[in-house]
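In what follows, a structure is listed as structure tokens, so that the remarks can point back to it.
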Amino acid sequence: MTSIVWFRDDLRLADHPALHAALERGGPVVLLYLLDEQSPGIRPLGGATRWWLHHSLTAHAREAERRGGRLVLRRGAAEVEIPRLVAETGTGAVLWNRRYGASREVDARLKIVLRDAGVEVASFAANLLVEPWEVTTDAGTPYQVFTPFWRAARERPMREPLPEPRELPAGPTVASDALDTWGLLPTRPDWAAGLRATWEPGEASALRTLERFAEEGLAEYHRRDEPAIGTSSLSPHLRFGEVSPALIWQRMHGDLSPGARRNVPKFLSELGWRDFNWSILFAHPDLATRNYRAAYDEFPWSWDRGPEVEAWQQGRTGVPLVDAGMRELMATGTMHNRVRMVVASFLVKNLLRHWRIGEEWFWDTLVDADEASNPGNWQWVAGSGADAAPYFRVFNPELQAKKFDPDGDYVRRWVPDDELPAPIVDLAESRREALDAYATMRGRPD
Ligand code: FAD
């Protein structure tokens, strides 16, 4: 009997538990991607992730075809479209890999609807190292602090990655949207030239990126805080599930040079932050719109999106490291982690703007923007998040540049000397104002 495998943020064939289970069942398999922008709890994608999705789906469809399968594209609310496709194809089972944000409610409801209709439903662990409910404190509550979370998580037996299928049985012929009709790519204007020059979405590229990092970049990972030196660049591939964390974990325990091996624990702990953010989102589905620590509801952040915010967005603040980061973001859809912290601190502390203004900008412009790590990290910088940097830690962009970009290589790459305007804000004075604002907040948690 026919099965449907419903792909979401897991656009891969290797280590895909739902696909693997469908193939084990035997019979025809319909490979489905549904562009669902209607269901409650779905956060519509930003511009950069829409660009990535288009190309990732193109690559995924091509890889499926090479193995005899066909990716069916549909658009609409899952609760309408999936039962419709089940009826069209006479499907007996729908399988998917789990998701952990507010959209999991959609999955839970759909499960009931399908089961009531006599359709088998199965969901699988696939996109995190550990399921959020598997790692809890002794009291059974989610961890609020990263270090004990990670200590507990990394001790758990990790899932063995599943092999990539060599062949995919063709499913029944059903209508499929043409990807171009979804309008995921920017046209007027086409601002994606820098993204095209920087990235190659898709599983094959994700696996090459992992391999190159294991063989070359990992040995330099102790210098990960220096923006002129690259990190793994795996984040957008992980964001769209083109590579699974279990596969990365396995590669990190495989053949490596001694220099690379030394950096494995640090690299894996960064991957652990990804899981930590998802576990926070699992417990707090409104992480993007609400302070994790309610005491910060009192904080006098401004919502003014006027000229200072525009200068920040366009990399015209006159603060070299901030401008370099914001220009890197506009040009490439990414920004080095250390610089993300600096530009975020500048917005929420030196400009005293609400962290949600920055979170929304990153959501629109980052190719790796995800529901957990983006708000989780913004709240971390703002001080309102789980295990957050204390509010009084205000990154000084000049000292950060001296320490992590001592020769100015990174700043020069993005901001030519003749393009630096005068700073729009005095760093020392605005730092003092931020600390004063913090002192007025009632019920300070730090
Ligand atoms: P590497 O250093 O090679 O790390 C490997 C992987 O670990 C990353 O691909 C990522 O999956 C994970 N990781 C590393 N650091 C973090 C972290 N702090 N939080 C969560 N996961 C982490 N990361 C996103 O994936 N999506 C986001 O939307 C996002 N928004 C951010 C917003 C702000 C304000 C800040 C300060 C950080 C944000 N990050 C986000 C985290 C981090 O900056 C990126 O994951 C990292 O820069 C990606 O580059 P990389 O893959 O080369 O990282």
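A note on labels: chains of the structure tokens are A, B, ... as shown, every chain counts residues from 1, and ligands are counted from 1 in their shown order.
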
Per residue of chain A within 8 Å of ligand 1, which atom pair is closest and at what distance in Å (one decimal), using only C-alpha atoms and all ligand atoms, listed by chain and increasing number, as a tab-separated table?
residue	atom	partner	partner_atom_place_in_ligand_line	distance
A:Tyr221	CA	ligand 1	2 (O)	7.8
A:Arg224	CA	ligand 1	2 (O)	6.4
A:Gly230	CA	ligand 1	52 (O)	6.7
A:Thr231	CA	ligand 1	52 (O)	3.9
A:Ser232	CA	ligand 1	3 (O)	3.6
A:Ser233	CA	ligand 1	52 (O)	3.4
A:Leu234	CA	ligand 1	51 (O)	3.9
A:Ser235	CA	ligand 1	9 (O)	3.2
A:Pro236	CA	ligand 1	25 (O)	6.6
A:His237	CA	ligand 1	9 (O)	7.8
A:Leu238	CA	ligand 1	11 (O)	6.0
A:Arg239	CA	ligand 1	25 (O)	6.3
A:Phe267	CA	ligand 1	5 (C)	6.2
A:Leu268	CA	ligand 1	7 (O)	7.2
A:Ser269	CA	ligand 1	7 (O)	7.6
A:Glu270	CA	ligand 1	14 (C)	4.3
A:Leu271	CA	ligand 1	7 (O)	3.6
A:Gly272	CA	ligand 1	7 (O)	6.9
A:Trp273	CA	ligand 1	20 (C)	4.5
A:Arg274	CA	ligand 1	21 (N)	3.5
A:Asp275	CA	ligand 1	21 (N)	7.3
A:Phe276	CA	ligand 1	20 (C)	7.6
A:Asn277	CA	ligand 1	20 (C)	6.3
A:Thr334	CA	ligand 1	47 (O)	7.5
A:Met335	CA	ligand 1	47 (O)	6.3
A:His336	CA	ligand 1	47 (O)	4.9
A:Asn337	CA	ligand 1	43 (O)	3.5
A:Arg338	CA	ligand 1	36 (C)	6.9
A:Val339	CA	ligand 1	36 (C)	7.5
A:Arg340	CA	ligand 1	36 (C)	4.4
A:Met341	CA	ligand 1	36 (C)	4.0
A:Val342	CA	ligand 1	36 (C)	7.7
A:Val343	CA	ligand 1	34 (C)	7.7
A:Ala344	CA	ligand 1	34 (C)	5.4
A:Gly358	CA	ligand 1	34 (C)	7.8
A:Glu359	CA	ligand 1	34 (C)	7.1
A:Phe362	CA	ligand 1	32 (C)	7.0
A:Trp363	CA	ligand 1	28 (O)	6.7
A:Leu366	CA	ligand 1	28 (O)	6.7
A:Val367	CA	ligand 1	28 (O)	8.0
A:Asp368	CA	ligand 1	26 (N)	4.6
A:Ala369	CA	ligand 1	28 (O)	3.2
A:Asp370	CA	ligand 1	28 (O)	4.4
A:Glu371	CA	ligand 1	28 (O)	7.0
A:Ala372	CA	ligand 1	28 (O)	7.2
A:Ser373	CA	ligand 1	27 (C)	4.5
A:Asn374	CA	ligand 1	28 (O)	3.5
A:Pro375	CA	ligand 1	32 (C)	6.9
A:Gly376	CA	ligand 1	19 (N)	7.4
A:Asn377	CA	ligand 1	33 (C)	4.5
A:Trp378	CA	ligand 1	34 (C)	4.3
A:Gln379	CA	ligand 1	34 (C)	7.9
A:Trp380	CA	ligand 1	36 (C)	7.7
A:Val381	CA	ligand 1	34 (C)	6.7

Skipping near chain neighbours, those fewer than 5 positions away, what residues fall within 9 Å of Trp361 of chain A using only C-alpha atoms, listed as a PDB file with C-alpha atoms, in the first residue's frame?
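The new file result.pdb reads:
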ATOM      1  CA  GLY A  46      12.114  35.456   5.335  1.00  0.00           C
ATOM      2  CA  GLN A 313      20.573  47.463   8.876  1.00  0.00           C
ATOM      3  CA  ARG A 356      12.715  41.793  18.385  1.00  0.00           C
ATOM      4  CA  LEU A 366      19.955  35.144   7.291  1.00  0.00           C
TER       5      LEU A 366
END

### Task
Just the alpha helix (DSSP H) stuff from segment 97-153 of chain A, please, per backbone DSSP, written as a ChimeraX atom specification.
/A:104-116,146-153

### Task
Give me the residues within 9 Å of Leu57 of chain A as a list in words, counting only C-alpha atoms and dropping any in the same chain fewer than 5 places off.
Leu11, Tyr33, Trp52, Arg62, Leu71, Leu179, Pro201 and Gly202 of chain A

### Task
Using only C-alpha atoms, determine which residues lie at most 6 Å from segment 289-306 of chain A, disregarding the query and same-chain residues fewer than 2 positions distant; provide the list as a ChimeraX atom specification.
/A:286-287,308-309,352-354,384-385,441,443

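Neighbours of Arg432 of chain A closer than or equal to 10 Å, with only C-alpha atoms counted and sequence neighbours fewer than 3 positions away skipped, come out as Lys349, Asn350, Phe392, Val394, Leu427, Ala428, Glu429, Leu435, Asp436, Ala437 and Tyr438 of chain A.
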
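The residues of segment 23-157 of chain A that DSSP classifies as strand (DSSP E), using the backbone of this structure, are Val29, Val30, Leu31, Leu32, Tyr33, Leu34, Leu35, Leu71, Val72, Leu73, Arg74, Arg75, Ala93, Val94, Leu95, Trp96, Asn97, Glu120, Val121, Ala122, Ser123 and Phe124 of chain A.
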
Would you save the residues of that selection, restricted to C-alpha atoms, as a PDB file, in the first residue's frame?
ATOM      1  CA  VAL A  29       6.165   5.962  -1.888  1.00  0.00           C
ATOM      2  CA  VAL A  30       4.973   9.514  -2.524  1.00  0.00           C
ATOM      3  CA  LEU A  31       7.647  12.077  -1.641  1.00  0.00           C
ATOM      4  CA  LEU A  32       5.855  15.255  -0.648  1.00  0.00           C
ATOM      5  CA  TYR A  33       6.935  18.796   0.109  1.00  0.00           C
ATOM      6  CA  LEU A  34       4.142  21.091   1.172  1.00  0.00           C
ATOM      7  CA  LEU A  35       4.581  24.859   1.236  1.00  0.00           C
ATOM      8  CA  LEU A  71       9.158  14.930  -5.371  1.00  0.00           C
ATOM      9  CA  VAL A  72       5.554  16.158  -5.355  1.00  0.00           C
ATOM     10  CA  LEU A  73       5.125  19.855  -4.557  1.00  0.00           C
ATOM     11  CA  ARG A  74       1.879  21.117  -3.105  1.00  0.00           C
ATOM     12  CA  ARG A  75       0.881  24.329  -1.403  1.00  0.00           C
ATOM     13  CA  ALA A  93       0.515   5.548   5.896  1.00  0.00           C
ATOM     14  CA  VAL A  94       1.909   9.058   6.317  1.00  0.00           C
ATOM     15  CA  LEU A  95       5.378   9.383   7.787  1.00  0.00           C
ATOM     16  CA  TRP A  96       7.398  12.409   8.845  1.00  0.00           C
ATOM     17  CA  ASN A  97      10.341  13.506  10.937  1.00  0.00           C
ATOM     18  CA  GLU A 120      -1.309   4.862   9.805  1.00  0.00           C
ATOM     19  CA  VAL A 121       0.884   7.761  11.017  1.00  0.00           C
ATOM     20  CA  ALA A 122       4.438   7.589  12.282  1.00  0.00           C
ATOM     21  CA  SER A 123       6.834  10.358  13.319  1.00  0.00           C
ATOM     22  CA  PHE A 124      10.556  10.045  13.938  1.00  0.00           C
TER      23      PHE A 124
END

### Message
Residues within 10 Å of segment 36-41 of chain A, please, as a VMD selection string. Count only C-alpha atoms; anything in the same chain fewer than 3 positions from it doesn't count.
### Response
chain A and resid 8 33 44 to 45 74 to 81 101 to 106 285 to 286

File dump, residues just selected, N, CA and C atoms, as a short mmCIF file (atom, residue, chain, number, x, y, z; two decimals), in the first residue's frame:
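Once everything was written out, this is selection.cif:
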data_model
loop_
_atom_site.label_atom_id
_atom_site.label_comp_id
_atom_site.auth_asym_id
_atom_site.auth_seq_id
_atom_site.Cartn_x
_atom_site.Cartn_y
_atom_site.Cartn_z
N ARG A 8 9.89 18.16 5.44
CA ARG A 8 9.75 19.54 5.93
C ARG A 8 11.15 20.14 5.97
N TYR A 33 6.59 17.56 -0.60
CA TYR A 33 6.93 18.80 0.11
C TYR A 33 5.74 19.72 -0.01
N PRO A 44 6.03 32.53 8.59
CA PRO A 44 6.40 32.63 7.17
C PRO A 44 7.89 32.90 7.01
N LEU A 45 8.51 32.25 6.02
CA LEU A 45 9.96 32.38 5.84
C LEU A 45 10.33 33.80 5.45
N ARG A 74 3.24 20.59 -3.29
CA ARG A 74 1.88 21.12 -3.10
C ARG A 74 1.95 22.33 -2.18
N ARG A 75 0.91 23.11 -2.20
CA ARG A 75 0.88 24.33 -1.40
C ARG A 75 -0.46 24.42 -0.68
N GLY A 76 -0.42 24.78 0.61
CA GLY A 76 -1.67 24.95 1.34
C GLY A 76 -1.53 24.48 2.78
N ALA A 77 -2.64 24.55 3.51
CA ALA A 77 -2.61 24.16 4.92
C ALA A 77 -2.54 22.63 5.02
N ALA A 78 -1.66 22.15 5.89
CA ALA A 78 -1.43 20.70 5.99
C ALA A 78 -2.72 19.94 6.28
N GLU A 79 -3.55 20.51 7.14
CA GLU A 79 -4.76 19.76 7.53
C GLU A 79 -5.74 19.57 6.38
N VAL A 80 -5.59 20.38 5.34
CA VAL A 80 -6.44 20.24 4.16
C VAL A 80 -5.71 19.39 3.11
N GLU A 81 -4.47 19.78 2.83
CA GLU A 81 -3.75 19.21 1.69
C GLU A 81 -3.32 17.75 1.91
N GLY A 101 8.79 23.27 17.09
CA GLY A 101 8.26 24.60 17.40
C GLY A 101 6.74 24.53 17.50
N ALA A 102 6.11 25.71 17.39
CA ALA A 102 4.65 25.78 17.54
C ALA A 102 3.95 24.92 16.48
N SER A 103 4.61 24.71 15.32
CA SER A 103 3.97 23.95 14.25
C SER A 103 3.76 22.48 14.62
N ARG A 104 4.33 22.05 15.71
CA ARG A 104 4.09 20.64 16.08
C ARG A 104 2.62 20.40 16.45
N GLU A 105 1.92 21.49 16.78
CA GLU A 105 0.47 21.36 17.04
C GLU A 105 -0.27 20.94 15.76
N VAL A 106 0.22 21.45 14.63
CA VAL A 106 -0.38 21.08 13.34
C VAL A 106 -0.22 19.57 13.16
N PRO A 285 7.10 27.95 23.08
CA PRO A 285 6.88 28.13 21.64
C PRO A 285 6.80 29.59 21.21
N ASP A 286 6.60 30.52 22.16
CA ASP A 286 6.51 31.94 21.80
C ASP A 286 7.84 32.67 22.00
#

### Summary
From the list A:Leu168, A:Glu310, A:Ala178, A:Arg327, the nearest residue to Val411 of chain A using only C-alpha atoms is A:Arg327
